[in-house]
Structure formats: structure tokens, C-alpha cells
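K.L.:
Before I ask anything, let me first share the structure, which is written out below as C-alpha cells.
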Amino acid sequence: MLEIRGLRKVYTGQGRRVEALADITFDVGAGEFVCVVGPSGCGKTTLLRCIGGLLNPTAGSVRVGGEPVTGPPQGLAVVFQEYGRSLFPWLKVGENVELPLKAKGLRRDDRRALVAEALDAVGLAEARAAWPWQLSGGMQQRVAIARAVAYQPRVLLMDEPFAAVDAQTRADLEDLIRSVWQRFGVTLLFVTHDIDEAVYLGQRVIVLSASPTVVAEDLAIDLPAERDQLTTRAHPNFLELRGRIYTQIQKAKRASAPTQRGG
Amino acid sequence: MSAGLRLLRRSALFLGLPVVLVGVWWFTSANSTNPYWPPLSNILTAFRETWLGDALVDDVVPSLARLAIGYGAALVVGVGFGLLIGSNRWLRSLLEPVLEFLRAIPPPVLVPIVILVAGIDDLMKVIVIVSGVVWPILLNTVEGVRGADEVLADTCRSYRIGGLLRLRQFVLRAASPQIMTGARQGLAIAIILMVISELKASTNGLGYRIVDLQRLFLITPMWSGVLLLGIIGVTLSLLFRLVESRVLNWYHGVRAAERISP
């Protein structure tokens, strides 16, 4: 579903030249849940913006469903980290979820049904007529997830979506996104800096090196499909994978330390 | 405190000082024999005689009609071009110096020039109003469009929300707090220009009538005209607040939510 080939992004400006991505290549199959994890400042967000067609890469290519990406592709939704700024404050919760469906040209009855189903899936059926700013941060991010789900995308990109919520809410949202993924069968690429989160959520974890960034490791997550905050996190495989990724990231940080400061 | 009591307190605060000032005016002017400072009671009598008769149709209605048309046209032109200029970085840097220059010209000095081009009829007066009101609306709209949140812009892009839907549901709404700021400044300017446009080469209107009364040394009716202008100003500003609280109810909500948890 996703084919990323030799992706490279260099930012130039004001006499500075920053190589955010050096050479990234990987695939994501249809219906797969893949997490991307890496040290901070390694260009995770840049990668996601290139895949989402919000940013033009310097070299390399991205294909979504076989089609080369030149702008935001059809059937792709993004959930941003800044939930407070990605919902339209002048639209009620239901209208926020509905707006992309209007852009899609869906009929009113179809829009209504999709909005109701999506809000129900994230447990916010009651909040349809509320304003986004009346909700807590976790609930706002759930609205953003509902909006993405209602859009019926083939591919869902998530950019550190739970980085700004408290730990308890975060655990709830992690379980929510697993259930949403299982219910709607979407291809999911989830970017995070949190190793535990990546292992807990994904079927596969792609570990990025420090900048200039390449794929350091591509790990299959050998854990039962039914995951649970307590038992999964205590599973021997979980601990082993987590340790392995941690070592990998530390190595990546050290290797780049003389030339590049982490940030 | 109950809602009724709160409303009572708010109206008491709102009306308190005006009532005191009118009272002071009433009593200090009561025995005035100075022809330039007539008693308020006489002014109120003159108010009824001067404005609630033929002058309502001959002067007040034409003035307010020109005000409404000029203000409305300035809103359409200012918001329209503001959206266009604000959305286009290239156009913005090209036009900004010119706009700042045009804005700096006081509209009253344009009256003689506009008369040359548009004659002395209603059209001239409407043009004068537009020429002053359009700038705060235009420049605030440009700022509002430019300041729209980038994450929301990205959200629109990735959901492929474009064209009119994007304009209506994103650009216009994101700029609406700034547009309303410009519109509020514009309203005050519109009232001033309504009067000024009627001072030269005019045959009707509030501004014309007030100056005419002064020339005829009908000082008490003249004062009543000044009073009427004040009342029109306050009424329009209250109407504006009503519209604003409806258009920007979300914005006030966001601000209140931010105050509770920054």
C-alpha cells in the first residue's frame, strides 16, 4: 500500500543546509499497522509529511496504492500531534468530522451515517453537538481520530498523536487506536518517539537512525493480536523487543554524536 | 448571584455614567440664558420638532441609507480583496506599500476630487464613505488570512478540502476575528464620513441639516442634531456588538477556555 524508495530531504535556507532524511526505503502492506520510532530530531515528522504529500522530497519517491505522491493523495488521512490546532474551533464536533466528507462530495445521509459511526467508534457519540474547545485534550484527539476514520481512508498517518496527553489518557488512546484499526482495517503508519508505545501498538516497528536518517532496523513484533496494557507489556517478547530497539537507538545517537547534536 | 441580578448589575454599570452625565447636563443648563448653551429641556423639545417630522424622511433616512450602502460596499470590497491579497504572498508584497499609502490619505480631502468624478449626488457621498471604511477592513482581513493556523491549513490540504468550501469554512472563519476588528473601526469611520460627505455641495442629510441650522443661528435645534448623531452612533455600535457576539461566539469560547487552562 505504501512504497517509500530512497527518500531524501534536505532543508536549505539562510546559509544552512540540514539533511533531515538521508535515504529511507521501506514498504507497508495493505491493512498493516507499522510504527516508526527514532531519536528526537531524526526527521520523523519530515518523513510523515513527505508520505502525506504535504512536503516535496529532495530525492526518492513515495507511492500510495501504486500511485506516485505529488500532493496530498486521495484516500489518505493524517492525525497531527497538535490536536488543539487541527480541529476547526468554529465548527462543532460533528461538523468537524463531517467537513472532509463534504469535500469528498458525499450525500447528506451518507455523511450523517459516517459521522455517527466514527464518533461511536471513539466513544464520543454524545459529544456531537459540543464545541472542540469544551473537550479535554484526549477527547479532542479522539475527535481528530473520528474525523480520520469517517473519511474512510486507505492509509492513515499519525504523527506522535498522543505525545501531548497525560499518561492515563495515553494508554486509553493506544487501546482505542488498536480497536479502530481492527474495526476498520485501515493501513496505519504511526510515528512516535516512545519505544514502548511503538512495540505495544505495531505489527512491525521501523527504527530510524539519528540524522542524517536511514532505516536502522525493521522489526516484526511477535506479540498476540489481542493486546492489553498489563499482560502485553509484561510479555517476555515485549521486554526483549523493547530492549533491542532501545539499544539500537542509543547506538544511533552515539554514532552521530560527534557531528550532530540531538535535538 | 442569579442571572437576573447579574443582568441588572450589568445594565446598571452600562447606564450609570450616561444617566449621571445627562442629569448634570439637565440641571446645570436648566436656567441657562446663553444662546449657545440652551437648557437640555429646550433641546429635547427641539429634537421632537426638528427630527420627528419631515426631516426624518428628508434628512435622516437618506443619510442612514447612504451609510448602509457605503458600509456594506466597503465590507464586500474590503473582505473580498483582503481574502485575495492575504492568500497570495506575491500579491501581498507587491501591494502592501501602496495600500499603506492609500490608507494614510484622510478621506475628507478626497471629497473635492470625488465631486469632480462622481458629481454631487448620492454616488459621491457613498464613494467618500467607502474610501475611508474600506482600509481598516481590507488590511485587517489581509492580516487575519495571513495569521491562519498552519496546522489547520495542513488539515485542509491532507483532506483535500479546497475551493469554495475551504474559503467559506477555513479562510473566512479563521480571519473572522480580525475582520470584525476592522469592521468595528470601519463603522466609526463610516459615521464620521456620512456627516462629512454631506457638508459640501449637499441638499439633504444629517450633516447638511446640522450645518444649515447653525448658519441660520438655530442653535437649540442644531444641538438636537448633535444629540441625534450620538444616539445613532451608540445604537449602531450596540447592533454591531450583537452581530459580533453571534459571529464570534466560538472565538469568545476559545478565549474563555484558554483562560481556564492555558
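Following the order of the C-alpha cells, first chain is A, next is B, and so on, with residues numbered from 1 inside each chain and ligands from 1 in the order they appear.
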Counting only C-alpha atoms, a student should be able to say which residues of chain A come within 9 Å of chain B; what is the right answer, written as a PyMOL selection string?

P.N.:
chain A and resi 52-54+71-80+82+85-91+99-104+131-134+148+151

K.L.:
Using only C-alpha atoms, determine which residues lie at most 12 Å from stretch 230-232 of chain A, disregarding the query and same-chain residues fewer than 3 positions distant; provide the list as a list of chain:residue names.

P.N.:
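The residues that qualify are A:Ala171, A:Asp175, A:Asp196, A:Glu197, A:Val199, A:Tyr200, A:Leu201, A:Ile221, A:Asp222, A:Leu223, A:Pro224, A:Ala225, A:Glu226, A:Arg227, A:His235, A:Pro236, A:Asn237, A:Phe238, A:Leu239, A:Leu241, A:Arg242.
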
K.L.:
Output C-alpha atoms of each residue in that selection to a file, as a tab-separated table (two decimals), in the first residue's frame.

P.N.:
```
chain	number	residue	atom	x	y	z
A	171	ALA	CA	-2.99	4.31	27.49
A	175	ASP	CA	-6.15	0.81	23.09
A	196	ASP	CA	7.09	1.17	24.47
A	197	GLU	CA	4.24	2.72	22.54
A	199	VAL	CA	6.12	-2.04	20.41
A	200	TYR	CA	2.73	-2.13	22.13
A	201	LEU	CA	0.84	-0.87	19.09
A	221	ILE	CA	6.55	-7.52	16.53
A	222	ASP	CA	5.89	-11.04	17.67
A	223	LEU	CA	3.07	-10.43	20.13
A	224	PRO	CA	-0.53	-11.74	20.30
A	225	ALA	CA	-3.05	-9.70	18.27
A	226	GLU	CA	-5.20	-9.07	21.36
A	227	ARG	CA	-3.17	-6.61	23.36
A	235	HIS	CA	5.19	-10.35	27.91
A	236	PRO	CA	8.79	-11.64	27.53
A	237	ASN	CA	8.79	-10.78	23.82
A	238	PHE	CA	7.69	-7.22	24.64
A	239	LEU	CA	10.62	-6.74	27.00
A	241	LEU	CA	11.93	-6.15	21.61
A	242	ARG	CA	11.84	-3.02	23.70
```

K.L.:
Tell me, in Å to one decimal, how far atom CA of B:Gly144 is from atom CA of B:Ile85.

P.N.:
11.0 Å

K.L.:
Excluding A:Ala20 and any residue of its chain fewer than 2 positions from it, enumerate the residues within 9 Å of it, using only C-alpha atoms, and give them as a list in words.

P.N.:
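Selected residues are Arg8, Lys9, Val10, Tyr11, Val18, Ala22, Gly41, Cys42, Gly43, Lys44, Thr46, Leu47, Ser211, Pro212 and Thr213 of chain A.
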
K.L.:
Pull the alpha helix (DSSP H) assignments for stretch 26-202 of chain B out of DSSP run on the backbone, and list those residues as a VMD selection string.

P.N.:
chain B and resid 26 to 29 40 to 51 54 to 55 61 to 87 89 to 104 111 to 118 122 to 146 150 to 158 163 to 166 172 to 196

K.L.:
Within 8 Å of stretch 142-145 of chain A, counting only C-alpha atoms, which residues qualify if same-chain residues fewer than 3 places away don't, as a PyMOL selection string?

P.N.:
chain A and resi 79+83+86-87+93+97+119+122+124+138-139+148-149+173

K.L.:
Record the distance separating atom CA of B:Val126 and atom CA of B:Ile210, expressed in Å with one decimal.

P.N.:
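Taking atom CA of B:Val126 and atom CA of B:Ile210, their separation equals 19.2 Å.
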
K.L.:
Suppose you want the space between atom CA of A:Gln203 and atom CA of A:Thr70; what is it in Å?

P.N.:
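Taking atom CA of A:Gln203 and atom CA of A:Thr70, their separation equals 28.1 Å.
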
K.L.:
Here is a test: counting only C-alpha atoms, which residue of B:His252, B:Lys200, B:Arg259, B:Arg215 is nearest to B:Ile120?

P.N.:
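Distance minimum relative to B:Ile120 lands on B:Lys200.
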
K.L.:
Contacts of A:Ala113 at 12 Å or less, counting only C-alpha atoms, minus same-chain residues fewer than 4 places along, as JSON, numbers by chain?

P.N.:
{"A": [94, 97, 98, 101, 106, 107, 108, 109, 117, 118, 119, 120, 125, 150, 151]}

K.L.:
Find the spatial neighbours of A:Val34, counting only C-alpha atoms, within a cut-off of 10 Å - ignore same-chain residues fewer than 6 positions away - and output them as number ranges by chain.

P.N.:
A: 27-28, 157, 187-191, 198-199, 201-206, 218-221

K.L.:
For the selection just defined, write its residues with C-alpha atoms to a file, as a tab-separated table (two decimals), in the first residue's frame.

P.N.:
```tsv
chain	number	residue	atom	x	y	z
A	27	ASP	CA	7.10	-0.80	2.34
A	28	VAL	CA	3.87	-1.05	4.27
A	157	LEU	CA	-0.83	8.53	9.07
A	187	THR	CA	-3.32	0.69	6.70
A	188	LEU	CA	-1.75	2.57	9.59
A	189	LEU	CA	1.61	4.28	9.85
A	190	PHE	CA	2.19	5.58	13.36
A	191	VAL	CA	5.15	7.83	14.17
A	198	ALA	CA	5.69	1.56	19.22
A	199	VAL	CA	6.12	-2.04	20.41
A	201	LEU	CA	0.84	-0.87	19.09
A	202	GLY	CA	2.53	-2.14	15.94
A	203	GLN	CA	2.76	-5.32	13.96
A	204	ARG	CA	6.09	-4.00	12.78
A	205	VAL	CA	8.42	-1.33	14.10
A	206	ILE	CA	10.76	0.61	11.84
A	218	ASP	CA	12.84	-3.19	10.57
A	219	LEU	CA	11.41	-5.48	13.26
A	220	ALA	CA	8.38	-7.75	13.20
A	221	ILE	CA	6.55	-7.52	16.53
```

K.L.:
So which bits of stretch 31-143 of chain A end up strand (DSSP E) when you DSSP the backbone, as a VMD selection string?

P.N.:
chain A and resid 33 to 37 59 to 64 67 to 68 76 to 79

K.L.:
With distances taken over only C-alpha atoms, which of B:Leu8, B:Leu239, B:Leu94, B:Met222 is nearest to B:Leu44?

P.N.:
B:Met222
